[in-house]
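Asker: Below is the file run32.txt, with compact mmCIF, C-alpha atoms.
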```txt
# COMPACT_ATOMS: atom_id res chain seq x y z
CA ALA A 1478 -28.19 9.87 79.61
CA ASP A 1479 -29.53 10.62 83.08
CA ALA A 1480 -28.68 13.81 84.95
CA ILE A 1481 -29.02 13.20 88.70
CA SER A 1482 -28.54 15.78 91.42
CA TRP A 1483 -26.91 14.13 94.42
CA SER A 1484 -27.98 14.21 98.07
CA GLU A 1485 -26.49 12.42 101.04
CA ASP A 1486 -30.02 11.82 102.30
CA ASN A 1487 -31.08 10.13 99.03
CA SER A 1488 -28.05 8.09 97.99
CA GLU A 1489 -30.38 5.35 96.69
CA ALA A 1490 -31.05 7.55 93.64
CA PHE A 1491 -27.65 6.39 92.36
CA ALA A 1492 -28.39 2.68 92.81
CA GLY A 1493 -29.83 0.23 90.28
CA THR A 1494 -27.87 1.22 87.14
CA HIS A 1495 -26.90 -2.04 85.40
CA GLU A 1496 -25.99 -2.17 81.69
CA LYS A 1497 -23.22 -3.79 79.68
CA HIS A 1498 -21.65 -0.38 79.08
CA VAL A 1499 -22.08 2.29 81.75
CA LEU A 1500 -20.32 5.66 81.82
CA GLY A 1501 -20.61 7.59 85.06
CA VAL A 1502 -19.46 11.22 84.91
CA PHE A 1503 -19.07 12.99 88.25
CA ASP A 1504 -18.44 16.71 87.81
CA GLU A 1505 -17.08 18.93 90.62
CA ALA A 1506 -16.33 15.59 92.24
CA SER A 1507 -14.40 16.93 95.20
CA ALA A 1508 -17.65 18.16 96.75
CA ILE A 1509 -19.55 14.89 96.25
CA ALA A 1510 -20.09 12.85 99.41
CA ARG A 1511 -18.30 9.54 99.77
CA ILE A 1512 -21.57 7.63 100.15
CA ILE A 1513 -22.62 8.62 96.60
CA PHE A 1514 -19.42 7.13 95.19
CA ASN A 1515 -19.90 4.00 97.29
CA VAL A 1516 -23.47 3.47 96.07
CA PHE A 1517 -22.68 4.12 92.40
CA ALA A 1518 -19.75 1.67 92.57
CA GLY A 1519 -22.37 -1.07 92.13
CA ALA A 1520 -22.81 0.08 88.50
CA MET A 1521 -19.16 -0.70 87.81
CA SER A 1522 -19.69 -4.46 87.98
CA THR A 1523 -19.65 -5.10 84.19
CA PRO A 1524 -16.46 -5.20 82.08
CA GLY A 1525 -17.64 -2.29 79.90
CA ALA A 1526 -18.32 0.06 82.81
CA ARG A 1527 -16.26 3.23 83.05
CA TRP A 1528 -16.12 6.08 85.50
CA LEU A 1529 -14.87 9.67 85.08
CA ALA A 1530 -14.55 12.02 88.05
CA LEU A 1531 -13.52 15.62 87.38
CA GLY A 1532 -12.84 18.63 89.55
CA ASN A 1533 -10.45 20.75 91.54
CA SER A 1534 -9.21 19.09 94.71
CA THR A 1535 -10.91 21.56 97.04
CA ARG A 1536 -10.70 19.17 100.02
CA ASN A 1537 -7.94 17.02 101.46
CA GLU A 1538 -10.26 14.17 102.37
CA GLY A 1539 -13.14 12.29 100.75
CA TYR A 1540 -13.44 9.80 97.93
CA PHE A 1541 -12.22 12.19 95.21
CA TYR A 1542 -9.12 13.01 97.24
CA ASP A 1543 -8.47 9.28 97.74
CA ALA A 1544 -8.90 8.68 94.00
CA THR A 1545 -6.54 11.45 92.90
CA HIS A 1546 -3.97 11.73 95.70
CA GLY A 1547 -4.71 9.06 98.28
CA ASP A 1548 -4.93 5.32 98.77
CA ARG A 1549 -7.20 4.61 95.76
CA VAL A 1550 -4.68 5.78 93.15
CA ALA A 1551 -3.17 3.11 90.88
CA ARG A 1552 0.58 3.25 91.50
CA LYS A 1553 1.80 -0.26 90.74
CA ALA A 1554 1.29 -2.87 88.05
CA GLY A 1555 -2.05 -4.59 88.47
CA ASP A 1556 -3.63 -1.78 90.49
CA LEU A 1557 -6.03 -0.83 87.68
CA GLU A 1558 -7.25 -4.41 87.41
CA ARG A 1559 -7.97 -4.32 91.14
CA GLY A 1560 -10.27 -1.32 90.75
CA MET A 1561 -7.83 1.46 91.60
CA TRP A 1562 -8.14 4.85 89.89
CA ASN A 1563 -6.02 6.11 86.99
CA ALA A 1564 -5.37 9.65 88.22
CA PHE A 1565 -4.27 12.71 86.25
CA VAL A 1566 -3.31 15.94 88.03
CA ILE A 1567 -3.01 18.79 85.53
CA PRO A 1568 -1.68 22.16 86.72
CA SER A 1569 -3.03 25.16 84.85
CA TRP A 1570 0.38 26.11 83.41
CA GLU A 1571 0.35 22.89 81.36
CA SER A 1572 -2.74 24.05 79.48
CA PRO A 1573 -2.18 25.85 76.15
CA PHE A 1574 -5.15 28.12 76.99
CA VAL A 1575 -3.58 29.60 80.15
CA ASP A 1576 -1.43 32.70 79.89
CA PRO A 1577 1.87 32.26 81.80
CA ALA A 1578 1.50 35.86 82.95
CA TRP A 1579 -1.70 34.91 84.78
CA VAL A 1580 0.11 32.06 86.55
CA GLN A 1581 2.83 34.46 87.68
CA GLU A 1582 0.19 36.96 88.82
CA MET A 1583 -1.45 34.24 90.96
CA LYS A 1584 1.93 33.32 92.46
CA ASP A 1585 2.57 36.93 93.38
CA SER A 1586 -0.91 37.67 94.76
CA LEU A 1587 -1.75 34.36 96.48
CA GLY A 1588 1.67 32.97 97.31
CA GLU A 1589 2.93 29.76 95.77
CA ASP A 1590 2.56 27.88 99.07
CA SER A 1591 -1.01 29.05 99.76
CA ASP A 1592 -3.88 26.60 99.65
CA GLU A 1593 -5.75 28.87 97.23
CA PHE A 1594 -2.85 28.64 94.75
CA ARG A 1595 -2.60 24.89 95.24
CA ILE A 1596 -6.31 24.37 94.49
CA ARG A 1597 -7.01 26.89 91.73
CA VAL A 1598 -3.68 26.97 89.89
CA ALA A 1599 -1.58 23.89 90.69
CA GLY A 1600 -4.39 21.32 90.78
CA LEU A 1601 -3.35 20.11 94.25
CA PRO A 1602 -5.47 19.60 97.38
CA PRO A 1603 -5.31 22.09 100.25
CA ARG A 1604 -3.10 21.35 103.18
CA PHE A 1605 -6.00 22.25 105.46
CA ASP A 1606 -9.72 21.85 104.77
CA ALA A 1607 -11.71 24.79 106.18
CA GLU A 1608 -14.24 22.37 107.76
CA GLN A 1609 -11.58 20.00 109.05
CA PHE A 1610 -11.01 20.34 112.77
CA ILE A 1611 -7.44 19.01 112.99
CA PRO A 1612 -5.00 19.72 110.12
CA ARG A 1613 -3.38 16.66 108.57
CA HIS A 1614 0.08 18.25 108.48
CA TRP A 1615 0.02 18.50 112.28
CA VAL A 1616 -0.67 14.76 112.46
CA ASN A 1617 2.01 13.98 109.86
CA ALA A 1618 4.56 16.03 111.80
CA ALA A 1619 3.68 14.22 115.05
CA ASN A 1620 4.07 10.86 113.24
CA GLU A 1621 7.63 11.78 112.26
CA ARG A 1622 8.70 13.31 115.56
CA VAL A 1623 10.52 11.51 118.41
CA VAL A 1624 9.95 12.90 121.90
CA PRO A 1625 11.77 11.72 125.05
CA ILE A 1626 9.65 10.71 128.04
CA PHE A 1627 9.98 12.51 131.37
CA GLU A 1628 9.39 10.38 134.45
CA ARG A 1629 6.96 12.89 135.93
CA TRP A 1630 4.50 12.39 133.05
CA PRO A 1631 1.54 10.28 134.21
CA LEU A 1632 0.30 7.30 132.17
CA ILE A 1633 -3.24 7.78 130.90
CA LEU A 1634 -5.17 5.08 129.04
CA GLY A 1635 -7.93 6.47 126.83
CA VAL A 1636 -10.53 3.75 126.29
CA ASP A 1637 -13.21 4.03 123.61
CA ILE A 1638 -15.75 1.28 124.26
CA GLY A 1639 -17.73 0.07 121.24
CA HIS A 1640 -21.25 -1.25 121.34
CA THR A 1641 -21.81 -5.02 121.23
CA GLY A 1642 -19.93 -6.41 118.24
CA ASP A 1643 -18.09 -3.14 117.54
CA LYS A 1644 -14.41 -2.60 118.20
CA SER A 1645 -13.07 -1.05 121.36
CA VAL A 1646 -9.77 0.82 121.37
CA ILE A 1647 -7.17 1.53 124.06
CA VAL A 1648 -4.65 4.35 123.46
CA PRO A 1649 -1.97 5.15 126.10
CA ARG A 1650 -0.46 8.62 126.45
CA ARG A 1651 2.32 9.95 128.64
CA GLY A 1652 2.61 13.72 128.43
CA ARG A 1653 3.66 14.64 124.89
CA LYS A 1654 3.98 11.05 123.67
CA VAL A 1655 1.46 8.37 122.61
CA LEU A 1656 2.91 4.90 123.22
CA ARG A 1657 2.70 2.58 120.20
CA ASP A 1658 3.20 -0.66 122.12
CA GLY A 1659 0.21 0.02 124.35
CA CYS A 1660 -2.32 0.60 121.55
CA HIS A 1661 -4.87 -2.23 121.43
CA VAL A 1662 -8.05 -3.09 119.53
CA HIS A 1663 -10.63 -5.54 120.87
CA ARG A 1664 -13.86 -6.74 119.25
CA GLY A 1665 -17.05 -8.26 120.55
CA GLU A 1666 -16.08 -8.39 124.21
CA ARG A 1667 -18.71 -8.63 126.95
CA THR A 1668 -18.77 -6.07 129.76
CA THR A 1669 -16.99 -8.30 132.27
CA ASP A 1670 -14.47 -9.55 129.70
CA PHE A 1671 -13.53 -6.05 128.63
CA ALA A 1672 -13.23 -4.93 132.25
CA ARG A 1673 -10.74 -7.75 132.83
CA ILE A 1674 -8.77 -6.68 129.75
CA ILE A 1675 -8.41 -3.17 131.16
CA VAL A 1676 -7.43 -4.50 134.59
CA ASP A 1677 -4.81 -6.69 132.88
CA GLN A 1678 -3.45 -3.51 131.25
CA ILE A 1679 -3.29 -1.80 134.64
CA LYS A 1680 -1.36 -4.78 136.05
CA TYR A 1681 0.95 -4.90 133.02
CA TRP A 1682 2.01 -1.27 133.30
CA ARG A 1683 2.50 -1.59 137.07
CA GLU A 1684 4.46 -4.85 137.00
CA GLU A 1685 6.48 -4.36 133.81
CA HIS A 1686 7.08 -0.59 133.88
CA GLY A 1687 6.38 0.51 137.46
CA LEU A 1688 3.62 2.89 136.32
CA GLU A 1689 0.15 3.45 137.74
CA ALA A 1690 -2.29 3.70 134.83
CA ASN A 1691 -5.21 6.12 134.91
CA CYS A 1692 -8.01 4.73 132.69
CA VAL A 1693 -10.50 7.18 131.20
CA MET A 1694 -13.58 5.98 129.31
CA GLU A 1695 -17.00 7.22 128.33
CA ALA A 1696 -19.56 6.24 130.95
CA ILE A 1697 -22.60 5.52 128.81
CA GLY A 1698 -24.16 2.32 127.53
CA MET A 1699 -21.73 -0.57 127.88
CA GLY A 1700 -19.16 1.82 129.33
CA VAL A 1701 -21.16 2.24 132.55
CA GLY A 1702 -20.99 -1.48 133.22
CA VAL A 1703 -17.28 -1.62 132.42
CA VAL A 1704 -16.51 1.25 134.82
CA GLU A 1705 -18.58 -0.31 137.62
CA THR A 1706 -17.03 -3.75 137.10
CA ILE A 1707 -13.50 -2.33 137.28
CA GLU A 1708 -14.42 -0.45 140.46
CA ASP A 1709 -15.85 -3.66 141.96
CA MET A 1710 -12.55 -5.39 141.15
CA GLY A 1711 -10.77 -2.94 143.47
CA TYR A 1712 -9.45 -0.39 140.97
CA GLU A 1713 -11.86 2.47 141.71
CA ASN A 1714 -8.96 4.94 142.04
CA GLN A 1715 -7.67 4.15 138.57
CA VAL A 1716 -10.78 4.33 136.42
CA TRP A 1717 -12.59 7.50 135.39
CA GLY A 1718 -16.00 7.50 133.72
CA VAL A 1719 -16.71 10.62 131.66
CA MET A 1720 -20.07 11.87 130.42
CA THR A 1721 -18.99 13.39 127.11
CA GLY A 1722 -22.48 14.64 126.27
CA LYS A 1723 -22.65 16.81 129.38
CA ALA A 1724 -21.92 20.52 129.59
CA ALA A 1725 -18.29 21.46 129.15
CA GLN A 1726 -16.17 22.90 131.95
CA GLU A 1727 -15.79 26.08 129.87
CA THR A 1728 -19.43 26.40 128.84
CA GLU A 1729 -18.93 29.64 126.94
CA LEU A 1730 -16.46 27.99 124.52
CA TYR A 1731 -17.64 24.44 123.91
CA SER A 1732 -21.01 22.83 123.14
CA ASN A 1733 -20.32 19.84 125.40
CA MET A 1734 -17.55 17.92 127.10
CA ARG A 1735 -16.74 15.94 123.99
CA CYS A 1736 -15.99 19.13 122.04
CA GLU A 1737 -13.87 20.38 124.91
CA MET A 1738 -11.65 17.31 125.13
CA TRP A 1739 -11.21 17.31 121.34
CA ALA A 1740 -10.20 20.99 121.55
CA TYR A 1741 -7.58 20.14 124.21
CA MET A 1742 -6.29 17.33 122.00
CA LYS A 1743 -6.03 19.73 119.04
CA GLU A 1744 -4.07 22.22 121.16
CA TRP A 1745 -1.77 19.36 122.23
CA LEU A 1746 -1.18 18.29 118.62
CA GLU A 1747 -0.07 21.81 117.72
CA GLY A 1748 2.95 21.42 120.00
CA GLU A 1749 6.08 19.26 119.96
CA VAL A 1750 4.34 15.90 120.45
CA GLU A 1751 4.80 12.37 119.14
CA LEU A 1752 2.22 10.02 117.62
CA PRO A 1753 2.87 6.42 116.60
CA ASN A 1754 2.52 5.80 112.88
CA VAL A 1755 -0.82 4.00 113.17
CA ALA A 1756 -2.90 4.62 110.05
CA ASP A 1757 -6.28 4.29 111.80
CA LEU A 1758 -5.32 6.82 114.46
CA SER A 1759 -3.93 9.30 111.92
CA ASP A 1760 -7.01 9.01 109.69
CA ASP A 1761 -9.47 9.32 112.58
CA LEU A 1762 -7.82 12.50 113.87
CA VAL A 1763 -8.39 14.38 110.59
CA THR A 1764 -11.87 12.98 109.85
CA VAL A 1765 -14.05 14.95 112.26
CA LYS A 1766 -15.45 18.24 110.96
CA ARG A 1767 -16.70 21.38 112.60
CA LYS A 1768 -20.42 22.11 112.61
CA PRO A 1769 -21.99 25.57 112.32
CA SER A 1770 -22.02 26.97 115.84
CA GLY A 1771 -24.98 29.30 115.36
CA ALA A 1772 -25.50 32.38 117.53
CA THR A 1773 -23.66 30.91 120.54
CA ASN A 1774 -20.29 30.81 118.73
CA LYS A 1775 -19.39 27.68 120.72
CA LEU A 1776 -17.29 24.95 119.18
CA ALA A 1777 -19.51 22.19 117.77
CA LEU A 1778 -18.36 18.98 116.07
CA GLU A 1779 -20.30 16.60 113.85
CA SER A 1780 -21.97 13.58 115.43
CA LYS A 1781 -21.39 9.92 114.70
CA ASP A 1782 -24.63 9.80 112.69
CA GLN A 1783 -23.54 12.72 110.54
CA MET A 1784 -20.20 11.03 109.89
CA ARG A 1785 -21.98 7.81 108.93
CA ARG A 1786 -24.21 9.64 106.46
CA ARG A 1787 -21.17 10.91 104.58
CA GLY A 1788 -19.69 7.42 104.52
CA VAL A 1789 -17.06 7.85 107.24
CA ARG A 1790 -16.44 5.36 110.03
CA SER A 1791 -16.60 6.20 113.71
CA PRO A 1792 -13.30 7.84 114.85
CA ASP A 1793 -12.74 5.30 117.63
CA TRP A 1794 -8.96 5.71 117.76
CA ALA A 1795 -9.14 9.49 117.96
CA ASP A 1796 -11.93 9.33 120.54
CA ALA A 1797 -9.74 7.11 122.72
CA LEU A 1798 -6.88 9.62 122.52
CA ALA A 1799 -9.25 12.55 123.15
CA LEU A 1800 -10.44 10.87 126.36
CA THR A 1801 -6.91 11.17 127.75
CA PHE A 1802 -7.54 14.93 127.86
CA ALA A 1803 -10.92 14.69 129.59
CA VAL A 1804 -9.66 14.49 133.18
CA PRO A 1805 -7.20 17.09 134.61
CA PHE A 1806 -4.61 14.73 136.07
CA ASP A 1807 -2.35 17.65 136.89
CA LEU A 1808 -4.74 18.61 139.71
CA LEU A 1809 -4.24 17.51 143.29
CA PRO A 1810 -6.30 14.41 144.27
CA GLU A 1811 -8.87 16.40 146.27
CA LYS A 1812 -9.37 18.78 143.33
CA ARG A 1813 -9.89 15.84 141.00
CA ASP A 1814 -12.55 14.45 143.34
CA LEU A 1815 -14.44 17.72 142.99
CA TRP A 1816 -14.03 17.53 139.22
CA HIS A 1817 -15.33 13.96 139.18
CA LYS A 1818 -18.47 14.87 141.13
CA LYS A 1819 -19.36 17.51 138.57
CA TRP A 1820 -18.29 15.97 135.24
CA GLY A 1821 -17.79 12.24 135.92
CA GLU A 1822 -20.27 9.37 135.76
CA GLY A 1823 -21.27 9.85 139.39
CA SER A 1824 -22.61 13.37 138.91
CA GLY A 1825 -26.25 12.38 138.57
CA ASP A 1826 -27.05 14.18 135.30
CA GLU A 1827 -26.83 11.44 132.66
CA GLY A 1828 -26.67 13.86 129.75
CA ARG A 1829 -26.53 12.46 126.20
CA SER A 1830 -23.35 11.15 124.69
CA TRP A 1831 -22.40 12.00 121.12
CA ALA A 1832 -21.63 8.29 120.63
CA SER A 1833 -25.26 7.39 121.30
CA ASN A 1834 -26.51 9.51 118.39
```
Take the structure in this file and express it as structure tokens.

Answerer:
Amino acid sequence: ADAISWSEDNSEAFAGTHEKHVLGVFDEASAIARIIFNVFAGAMSTPGARWLALGNSTRNEGYFYDATHGDRVARKAGDLERGMWNAFVIPSWESPFVDPAWVQEMKDSLGEDSDEFRIRVAGLPPRFDAEQFIPRHWVNAANERVVPIFERWPLILGVDIGHTGDKSVIVPRRGRKVLRDGCHVHRGERTTDFARIIVDQIKYWREEHGLEANCVMEAIGMGVGVVETIEDMGYENQVWGVMTGKAAQETELYSNMRCEMWAYMKEWLEGEVELPNVADLSDDLVTVKRKPSGATNKLALESKDQMRRRGVRSPDWADALALTFAVPFDLLPEKRDLWHKKWGEGSGDEGRSWASN
């Protein structure tokens, strides 16, 4: 038997275990990073390999959550053979060692609907992870809601541009509604090709729906070329390049512009808004975590590198939606020009984007 302490920075310590019969026991598994599970999965390649993960569901995301309550749970015939998890959720009142009076005391003191009761007594995950920036139940509610569109709401296309070979995402929003039909994913496009795709979207919304689209994208790396190409094609009044790594407009509240636009998106999600039921968008919105803000007490969010180290993909869909909150389209045109000179791609200070980390 080998006892191994885990570390996200040394996930290789869990690699290389290959025997006919392997038993992996992960205790307090809710706290273990996804990348550790992913690396150790290589030891499960033999027919005699078994895996046991134990713990309270202290988080509502991560591999342990997926294995006990999420999309890795075996629910249908054949799921176990496909590598899904056989999950058992055992509330404390089913144990012969737990006094029913204690359970009632916890109900009275904590409240049966509280996350503390769910975790410590009922064996259920919290509705809201303390480190999670956007609560999942807000996203779920927005997925179920239907909101009528008002004609005065402008059309904004949030465009997250991936690096070469990565996916790029377009998410359209009008006021309190994200439009499902306008959501697009593109992969491996060159700068000029992707610029033409966005221009085609501008033409589509104008010709088919009579709407002028405002396109907002991050102006760094490939994004700079895309913005400039669209401007050269005669659409300079409909494309906005944003330097998300620059100082926020409200510098006393947010670490940078990226944190600020995510904060605006979170405030929007708290209201009566509608999201399309797109799994990638819903998952991305609840993936990003807060970071310790230090002495400044400004909002800080984890970087793309930090997300990668814990085995989470880049939140491209959520970034695209967040970009629709980066430019104040409710301002008069001359006010927006002043905004663009200070926070847009033409402001001179290149800053450092979170996506370049």

Asker: Would you kindly return, as a list of chain:residue names, each protein, DNA or RNA residue with an atom no farther than 12 Å from any atom of Ser1572 (chain A), considering all atoms listed in the file and excluding same-chain residues fewer than 4 positions away?

Answerer: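 Near Ser1572 (chain A), the qualifying residues are A:Val1566, A:Ile1567, A:Pro1568, A:Asp1576, A:Pro1577, A:Val1580, A:Val1598, A:Ala1599, A:Gly1600.
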
Asker: For C-alpha atoms, I'd like the residues from the last selection saved as an mmCIF file, in the frame of the given file.

Answerer:
```cif
data_model
loop_
_atom_site.group_PDB
_atom_site.id
_atom_site.type_symbol
_atom_site.label_atom_id
_atom_site.label_comp_id
_atom_site.auth_asym_id
_atom_site.auth_seq_id
_atom_site.Cartn_x
_atom_site.Cartn_y
_atom_site.Cartn_z
ATOM 1 C CA VAL A 1566 -3.310 15.940 88.030
ATOM 2 C CA ILE A 1567 -3.010 18.790 85.530
ATOM 3 C CA PRO A 1568 -1.680 22.160 86.720
ATOM 4 C CA ASP A 1576 -1.430 32.700 79.890
ATOM 5 C CA PRO A 1577 1.870 32.260 81.800
ATOM 6 C CA VAL A 1580 0.110 32.060 86.550
ATOM 7 C CA VAL A 1598 -3.680 26.970 89.890
ATOM 8 C CA ALA A 1599 -1.580 23.890 90.690
ATOM 9 C CA GLY A 1600 -4.390 21.320 90.780
#
```

Asker: Tell me which protein, DNA and RNA residues are within 9 Å of Ala1799 (chain A), counting only C-alpha atoms, leaving out same-chain ones fewer than 5 positions away, and put them as JSON, numbers by chain.

Answerer: {"A": [1635, 1735, 1738, 1739, 1740, 1741, 1742, 1743, 1794]}

Asker: Please, what distance in Å, to one decimal, runs between CA of Pro1792 (chain A) and CA of Ala1756 (chain A)?

Answerer: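 Taking CA of Pro1792 (chain A) and CA of Ala1756 (chain A), their separation equals 11.9 Å.
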
Asker: With only C-alpha atoms as the counted atoms, please give the residues lying no more than 10 Å from region 1548-1562 of chain A, apart from itself and same-chain residues fewer than 6 positions off, as a ChimeraX atom specification.

Answerer: /A:1521,1528-1530,1540-1542

Asker: Using all atoms listed in the file, pick whichever of A:Phe1514, A:Thr1728, A:Ile1675, A:Glu1685 has the shortest atom-to-atom distance to Val1704 (chain A).

Answerer: A:Ile1675

Asker: Which one of A:Ala1797, A:Met1710, A:Ile1481, A:Leu1758 sits closest to Cys1692 (chain A) if you count all atoms listed in the file?

Answerer: A:Ala1797

Asker: Could the centre and edge lengths of an axis-aligned box, enclosing all atoms of region 1491-1495 of chain A in the file with 5 Å extra on each side, be given in Å to one decimal as AutoDock Vina command-line options?

Answerer:
```
--center_x -28.4 --center_y 2.2 --center_z 89.1 --size_x 12.9 --size_y 18.4 --size_z 17.4
```
